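Reproduced below: data-v6.pdb, with PDB, C-alpha atoms.
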```
MODEL        1
ATOM      1  CA  MET G   1      74.161  99.627 118.339
ATOM      2  CA  SER G   2      73.188 102.164 120.983
ATOM      3  CA  MET G   3      72.445 101.073 124.542
ATOM      4  CA  ALA G   4      68.826 102.078 123.963
ATOM      5  CA  GLY G   5      68.722  99.884 120.829
ATOM      6  CA  GLN G   6      70.304  96.951 122.654
ATOM      7  CA  ALA G   7      67.830  97.398 125.521
ATOM      8  CA  THR G   8      64.894  97.323 123.113
ATOM      9  CA  VAL G   9      66.148  94.066 121.586
ATOM     10  CA  LYS G  10      66.735  92.472 125.014
ATOM     11  CA  GLY G  11      63.570  93.873 126.616
ATOM     12  CA  CYS G  12      65.355  95.724 129.413
ATOM     13  CA  THR G  13      66.448  99.262 130.264
ATOM     14  CA  PRO G  14      69.523 101.047 128.831
ATOM     15  CA  GLN G  15      70.843 101.255 132.397
ATOM     16  CA  GLU G  16      70.856  97.451 132.639
ATOM     17  CA  ILE G  17      72.875  97.290 129.419
ATOM     18  CA  ALA G  18      75.345  99.816 130.879
ATOM     19  CA  TYR G  19      75.676  97.828 134.122
ATOM     20  CA  ASP G  20      76.138  94.514 132.271
ATOM     21  CA  ARG G  21      78.812  95.837 129.912
ATOM     22  CA  PRO G  22      81.731  95.741 132.407
ATOM     23  CA  LEU G  23      80.687  92.274 133.546
ATOM     24  CA  GLU G  24      80.558  90.910 129.982
ATOM     25  CA  THR G  25      84.028  92.294 129.144
ATOM     26  CA  ASP G  26      86.011  91.577 132.329
ATOM     27  CA  GLY G  27      85.915  95.284 133.111
ATOM     28  CA  LYS G  28      87.491  96.207 129.768
ATOM     29  CA  GLY G  29      84.316  97.399 128.040
ATOM     30  CA  LEU G  30      84.372 100.981 126.850
ATOM     31  CA  PHE G  31      81.487 103.381 126.319
ATOM     32  CA  LEU G  32      81.296 105.716 123.338
ATOM     33  CA  ALA G  33      79.689 109.095 123.774
ATOM     34  CA  ALA G  34      79.287 110.460 120.249
ATOM     35  CA  LEU G  35      80.092 114.155 120.395
ATOM     36  CA  GLY G  36      79.462 115.054 116.782
ATOM     37  CA  ASN G  37      78.122 113.874 113.440
ATOM     38  CA  TYR G  38      75.484 111.719 115.123
ATOM     39  CA  GLU G  39      72.499 114.048 115.362
ATOM     40  CA  ASN G  40      69.188 112.367 116.148
ATOM     41  CA  GLY G  41      70.976 109.024 116.455
ATOM     42  CA  THR G  42      71.856 108.802 112.745
ATOM     43  CA  LEU G  43      74.914 109.278 110.556
ATOM     44  CA  THR G  44      73.016 111.377 108.007
ATOM     45  CA  SER G  45      75.194 114.458 108.530
ATOM     46  CA  ALA G  46      78.399 112.362 108.333
ATOM     47  CA  HIS G  47      77.220 110.858 105.036
ATOM     48  CA  GLU G  48      76.353 114.318 103.727
ATOM     49  CA  MET G  49      79.841 115.591 104.607
ATOM     50  CA  LEU G  50      81.555 112.552 103.067
ATOM     51  CA  ARG G  51      79.550 113.055  99.871
ATOM     52  CA  HIS G  52      80.800 116.671  99.554
ATOM     53  CA  PRO G  53      83.463 116.974  96.828
ATOM     54  CA  HIS G  54      85.843 118.872  99.144
ATOM     55  CA  CYS G  55      85.661 116.340 101.983
ATOM     56  CA  ILE G  56      88.686 114.119 102.492
ATOM     57  CA  PRO G  57      88.195 111.323 105.014
ATOM     58  CA  GLY G  58      91.169 110.503 107.166
ATOM     59  CA  LEU G  59      94.192 112.513 108.048
ATOM     60  CA  GLY G  60      92.823 112.463 111.625
ATOM     61  CA  ASP G  61      94.396 113.113 114.974
ATOM     62  CA  GLY G  62      96.738 110.224 115.639
ATOM     63  CA  GLY G  63      98.703 111.486 118.602
ATOM     64  CA  THR G  64      97.517 113.640 121.431
ATOM     65  CA  HIS G  65      94.260 111.798 121.963
ATOM     66  CA  TYR G  66      95.511 108.212 121.554
ATOM     67  CA  GLY G  67      94.007 107.205 124.893
ATOM     68  CA  ALA G  68      90.587 108.748 124.243
ATOM     69  CA  ILE G  69      89.676 108.191 120.585
ATOM     70  CA  CYS G  70      90.532 105.684 117.876
ATOM     71  CA  GLU G  71      90.223 107.380 114.504
ATOM     72  CA  ALA G  72      92.491 104.906 112.718
ATOM     73  CA  SER G  73      89.492 102.629 112.166
ATOM     74  CA  TYR G  74      87.779 105.043 109.749
ATOM     75  CA  SER G  75      89.199 103.217 106.718
ATOM     76  CA  THR G  76      87.498  99.989 107.787
ATOM     77  CA  TYR G  77      84.365 101.660 109.156
ATOM     78  CA  LEU G  78      83.632 103.495 105.890
ATOM     79  CA  PRO G  79      83.198 100.348 103.757
ATOM     80  CA  THR G  80      81.407  98.383 106.488
ATOM     81  CA  GLN G  81      78.957 101.212 107.199
ATOM     82  CA  TYR G  82      78.525 102.901 103.831
ATOM     83  CA  VAL G  83      79.311 100.268 101.181
ATOM     84  CA  ARG G  84      78.040  97.036 102.660
ATOM     85  CA  ASN G  85      74.727  98.600 103.742
ATOM     86  CA  PRO G  86      72.980  99.697 100.537
ATOM     87  CA  GLY G  87      70.467 102.496 100.694
ATOM     88  CA  ALA G  88      70.141 106.249 100.520
ATOM     89  CA  GLU G  89      73.194 106.753 102.735
ATOM     90  CA  SER G  90      75.660 104.504 100.950
ATOM     91  CA  PHE G  91      78.574 104.650  98.535
ATOM     92  CA  GLU G  92      79.610 102.380  95.701
ATOM     93  CA  LEU G  93      82.750 100.375  96.480
ATOM     94  CA  ALA G  94      84.822 102.199  93.833
ATOM     95  CA  GLU G  95      83.718 105.559  95.278
ATOM     96  CA  ALA G  96      84.781 104.537  98.803
ATOM     97  CA  VAL G  97      88.139 103.190  97.598
ATOM     98  CA  HIS G  98      88.764 106.474  95.751
ATOM     99  CA  MET G  99      87.956 108.496  98.889
ATOM    100  CA  LEU G 100      90.306 106.387 101.003
ATOM    101  CA  SER G 101      93.159 106.284  98.506
ATOM    102  CA  HIS G 102      93.746 108.738  95.671
ATOM    103  CA  LYS G 103      91.573 111.553  96.983
ATOM    104  CA  ALA G 104      93.363 111.539 100.354
ATOM    105  CA  ALA G 105      96.831 111.144  98.773
ATOM    106  CA  LYS G 106      96.240 113.973  96.315
ATOM    107  CA  ALA G 107      95.222 116.299  99.159
ATOM    108  CA  VAL G 108      98.746 116.050 100.607
ATOM    109  CA  GLY G 109     100.529 116.359  97.263
ATOM    110  CA  LEU G 110     101.006 112.661  96.506
ATOM    111  CA  ASP G 111      99.289 112.865  93.120
ATOM    112  CA  GLU G 112     100.519 109.499  91.826
ATOM    113  CA  ARG G 113      99.474 107.533  94.936
ATOM    114  CA  GLY G 114      96.201 105.692  95.290
ATOM    115  CA  LEU G 115      95.986 104.884  91.595
ATOM    116  CA  LEU G 116      96.233 101.383  90.207
ATOM    117  CA  LYS G 117      98.114 102.035  86.985
ATOM    118  CA  PRO G 118     101.465 101.117  85.402
ATOM    119  CA  GLY G 119     104.390 103.003  86.916
ATOM    120  CA  ALA G 120     102.490 104.194  89.976
ATOM    121  CA  LYS G 121     103.624 103.466  93.544
ATOM    122  CA  VAL G 122     100.789 101.205  94.643
ATOM    123  CA  ASP G 123      99.968  99.606  97.979
ATOM    124  CA  ILE G 124      97.003  97.234  97.856
ATOM    125  CA  ASN G 125      94.522  95.820 100.345
ATOM    126  CA  VAL G 126      92.779  92.654  99.188
ATOM    127  CA  THR G 127      89.561  92.759 101.182
ATOM    128  CA  ASP G 128      86.774  90.280 101.812
ATOM    129  CA  LEU G 129      83.945  92.798 102.160
ATOM    130  CA  ASP G 130      81.557  90.205 103.603
ATOM    131  CA  ARG G 131      84.066  89.308 106.323
ATOM    132  CA  LEU G 132      85.294  92.866 106.969
ATOM    133  CA  GLN G 133      84.688  93.724 110.603
ATOM    134  CA  LEU G 134      85.889  96.122 113.271
ATOM    135  CA  HIS G 135      86.304  94.648 116.713
ATOM    136  CA  LEU G 136      85.703  96.431 119.982
ATOM    137  CA  PRO G 137      88.412  98.955 120.874
ATOM    138  CA  GLU G 138      90.747  98.020 123.695
ATOM    139  CA  ILE G 139      93.298  99.901 125.727
ATOM    140  CA  VAL G 140      96.880  98.795 125.134
ATOM    141  CA  ARG G 141      99.966 100.107 126.901
ATOM    142  CA  ASP G 142     102.656  99.873 124.264
ATOM    143  CA  LEU G 143     103.814 103.460 123.944
ATOM    144  CA  PRO G 144     107.041 104.801 125.464
ATOM    145  CA  ALA G 145     107.003 105.180 129.261
ATOM    146  CA  GLY G 146     103.946 102.883 129.504
ATOM    147  CA  GLY G 147     101.698 105.281 127.628
ATOM    148  CA  GLN G 148      98.297 103.974 126.625
ATOM    149  CA  ARG G 149      96.351 104.124 123.412
ATOM    150  CA  LEU G 150      93.111 102.764 122.033
ATOM    151  CA  HIS G 151      93.614  99.903 119.592
ATOM    152  CA  GLN G 152      90.827  98.623 117.361
ATOM    153  CA  ARG G 153      91.514  95.397 115.512
ATOM    154  CA  ALA G 154      89.950  94.697 112.117
ATOM    155  CA  THR G 155      89.481  91.435 110.257
ATOM    156  CA  GLY G 156      88.553  90.760 106.655
ATOM    157  CA  TYR G 157      91.792  91.882 105.018
ATOM    158  CA  ASP G 158      93.032  88.876 103.037
ATOM    159  CA  ALA G 159      96.300  90.558 102.071
ATOM    160  CA  THR G 160      98.079  93.888 102.291
ATOM    161  CA  ILE G 161     100.793  94.454  99.712
ATOM    162  CA  VAL G 162     103.331  97.267 100.108
ATOM    163  CA  SER G 163     106.042  97.894  97.510
ATOM    164  CA  GLY G 164     105.299  94.484  95.990
ATOM    165  CA  GLU G 165     105.688  92.565  99.279
ATOM    166  CA  ILE G 166     102.898  90.977 101.283
ATOM    167  CA  ILE G 167     103.061  92.522 104.761
ATOM    168  CA  ARG G 168      99.806  91.052 106.115
ATOM    169  CA  ARG G 169      98.002  87.861 105.164
ATOM    170  CA  PHE G 170      94.575  86.912 106.532
ATOM    171  CA  ASP G 171      94.750  89.542 109.283
ATOM    172  CA  GLN G 172      98.204  88.456 110.514
ATOM    173  CA  SER G 173     101.592  90.113 110.061
ATOM    174  CA  ALA G 174     103.811  88.476 107.465
ATOM    175  CA  GLY G 175     106.880  90.101 109.016
ATOM    176  CA  ALA G 176     107.886  92.197 105.982
ATOM    177  CA  ARG G 177     108.396  95.950 106.511
ATOM    178  CA  PRO G 178     109.219  97.417 103.072
ATOM    179  CA  GLY G 179     107.551 100.773 103.700
ATOM    180  CA  ARG G 180     109.493 103.974 104.247
ATOM    181  CA  LEU G 181     108.788 107.570 105.212
ATOM    182  CA  ILE G 182     107.664 109.803 102.363
ATOM    183  CA  ARG G 183     106.872 113.471 102.358
ATOM    184  CA  GLY G 184     104.099 115.289 100.530
ATOM    185  CA  ALA G 185     104.428 118.443  98.481
TER     186      ALA G 185
ENDMDL
END
```
What do you get writing this file as structure tokens?
Amino acid sequence: MSMAGQATVKGCTPQEIAYDRPLETDGKGLFLAALGNYENGTLTSAHEMLRHPHCIPGLGDGGTHYGAICEASYSTYLPTQYVRNPGAESFELAEAVHMLSHKAAKAVGLDERGLLKPGAKVDINVTDLDRLQLHLPEIVRDLPAGGQRLHQRATGYDATIVSGEIIRRFDQSAGARPGRLIRGA
């Protein structure tokens, strides 16, 4: 919710919300300044782009800007924003899963990925859509030479199965690491 929206709910000014944020988060609170796809305080243009048949969500910048943006959360944000909130700017669950799986895989030449069918290489997320939630981003310093990145935790994933092994269970690592590097076309 925007600072203006929070201020309206609390009956104060947006500036008071901005001043309180560092106090409420032990100085770890971050501010988001939306630079695009948020015209007039709505996600209408983002929804319009996602609806376009040539749009492929994901495949975002995961390196250079680690300390400034956190695009890895798009795969959780899409169902929480566009599936769980029915209305004119929403997607059916199957449509969102297709966008996040087969459509993205096919774009990089992995035509048999993202399909739940016999013989296909399938990784599966078992998700509790009602419990699915993104948590506030935080800065972590776990890159080589003390480099920092934004990390955004998500909950609501009951299980993640890769190559037939459960690698996460109820939002916790199960310790298995069966994945391996693959290359597209």
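Every residue that the PyMOL selection byres ((chain G and resi 114) around 8) selects in this file is listed here: G:His98, G:Ser101, G:His102, G:Lys103, G:Ala105, G:Glu112, G:Arg113, G:Leu115, G:Leu116, G:Lys121, G:Val122, G:Asp123.
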Explicit residue set for the PyMOL selection byres ((chain G and resi 161-163) around 12), as a list of chain:residue names: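 Given this file, the PyMOL selection byres ((chain G and resi 161-163) around 12) evaluates to G:Arg113, G:Gly119, G:Ala120, G:Lys121, G:Val122, G:Asp123, G:Ile124, G:Asn125, G:Val126, G:Thr127, G:Tyr157, G:Asp158, G:Ala159, G:Thr160, G:Gly164, G:Glu165, G:Ile166, G:Ile167, G:Arg168, G:Arg169, G:Phe170, G:Ser173, G:Ala174, G:Gly175, G:Ala176, G:Arg177, G:Pro178, G:Gly179, G:Arg180.
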Evaluate the PyMOL selection byres ((chain G and resi 17) around 12) and report residues as a list in words: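 Applied to this file, the PyMOL selection byres ((chain G and resi 17) around 12) returns Met1, Ser2, Met3, Ala4, Gly5, Gln6, Ala7, Thr8, Val9, Lys10, Gly11, Cys12, Thr13, Pro14, Gln15, Glu16, Ala18, Tyr19, Asp20, Arg21, Pro22, Leu23, Glu24, Gly29 and Phe31 of chain G.
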Generate the output file for the selected residues, C-alpha atoms, as a tab-separated table (two decimals), keeping the file's coordinate frame.
```tsv
chain	number	residue	atom	x	y	z
G	1	MET	CA	74.16	99.63	118.34
G	2	SER	CA	73.19	102.16	120.98
G	3	MET	CA	72.44	101.07	124.54
G	4	ALA	CA	68.83	102.08	123.96
G	5	GLY	CA	68.72	99.88	120.83
G	6	GLN	CA	70.30	96.95	122.65
G	7	ALA	CA	67.83	97.40	125.52
G	8	THR	CA	64.89	97.32	123.11
G	9	VAL	CA	66.15	94.07	121.59
G	10	LYS	CA	66.74	92.47	125.01
G	11	GLY	CA	63.57	93.87	126.62
G	12	CYS	CA	65.36	95.72	129.41
G	13	THR	CA	66.45	99.26	130.26
G	14	PRO	CA	69.52	101.05	128.83
G	15	GLN	CA	70.84	101.26	132.40
G	16	GLU	CA	70.86	97.45	132.64
G	18	ALA	CA	75.34	99.82	130.88
G	19	TYR	CA	75.68	97.83	134.12
G	20	ASP	CA	76.14	94.51	132.27
G	21	ARG	CA	78.81	95.84	129.91
G	22	PRO	CA	81.73	95.74	132.41
G	23	LEU	CA	80.69	92.27	133.55
G	24	GLU	CA	80.56	90.91	129.98
G	29	GLY	CA	84.32	97.40	128.04
G	31	PHE	CA	81.49	103.38	126.32
```
Atom CA of Ser90 of chain G to atom CA of Met49 of chain G, straight-line distance in Å: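 Taking atom CA of Met49 of chain G as the start and atom CA of Ser90 of chain G as the end point, the length is 12.4 Å.
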Point-to-point distance from atom CA of Gly147 of chain G to atom CA of Leu78 of chain G, Å rounded to tenths: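 Those two atoms sit 28.3 Å apart.
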Atomic distance atom CA of His135 of chain G - atom CA of Gln152 of chain G, expressed in Å with one decimal: 6.1 Å
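Closest approach to Gln81 of chain G among G:Leu43, G:Val97, G:Leu30, G:Ile56 is made by G:Leu43 (distances from only C-alpha atoms).
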Expected residue set, 12 Å radius at (87.3, 98.6, 102.0), all atoms listed in the file, as a VMD selection string: chain G and resid 73 to 84 91 to 101 124 to 134 154 to 158 160
Shortest interatomic distance to Glu138 of chain G - which of G:Pro86, G:Gly27, G:Pro57, G:Gly184, counting all atoms listed in the file: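 Going through G:Pro86, G:Gly27, G:Pro57, G:Gly184 one by one, the smallest distance to Glu138 of chain G is for G:Gly27.
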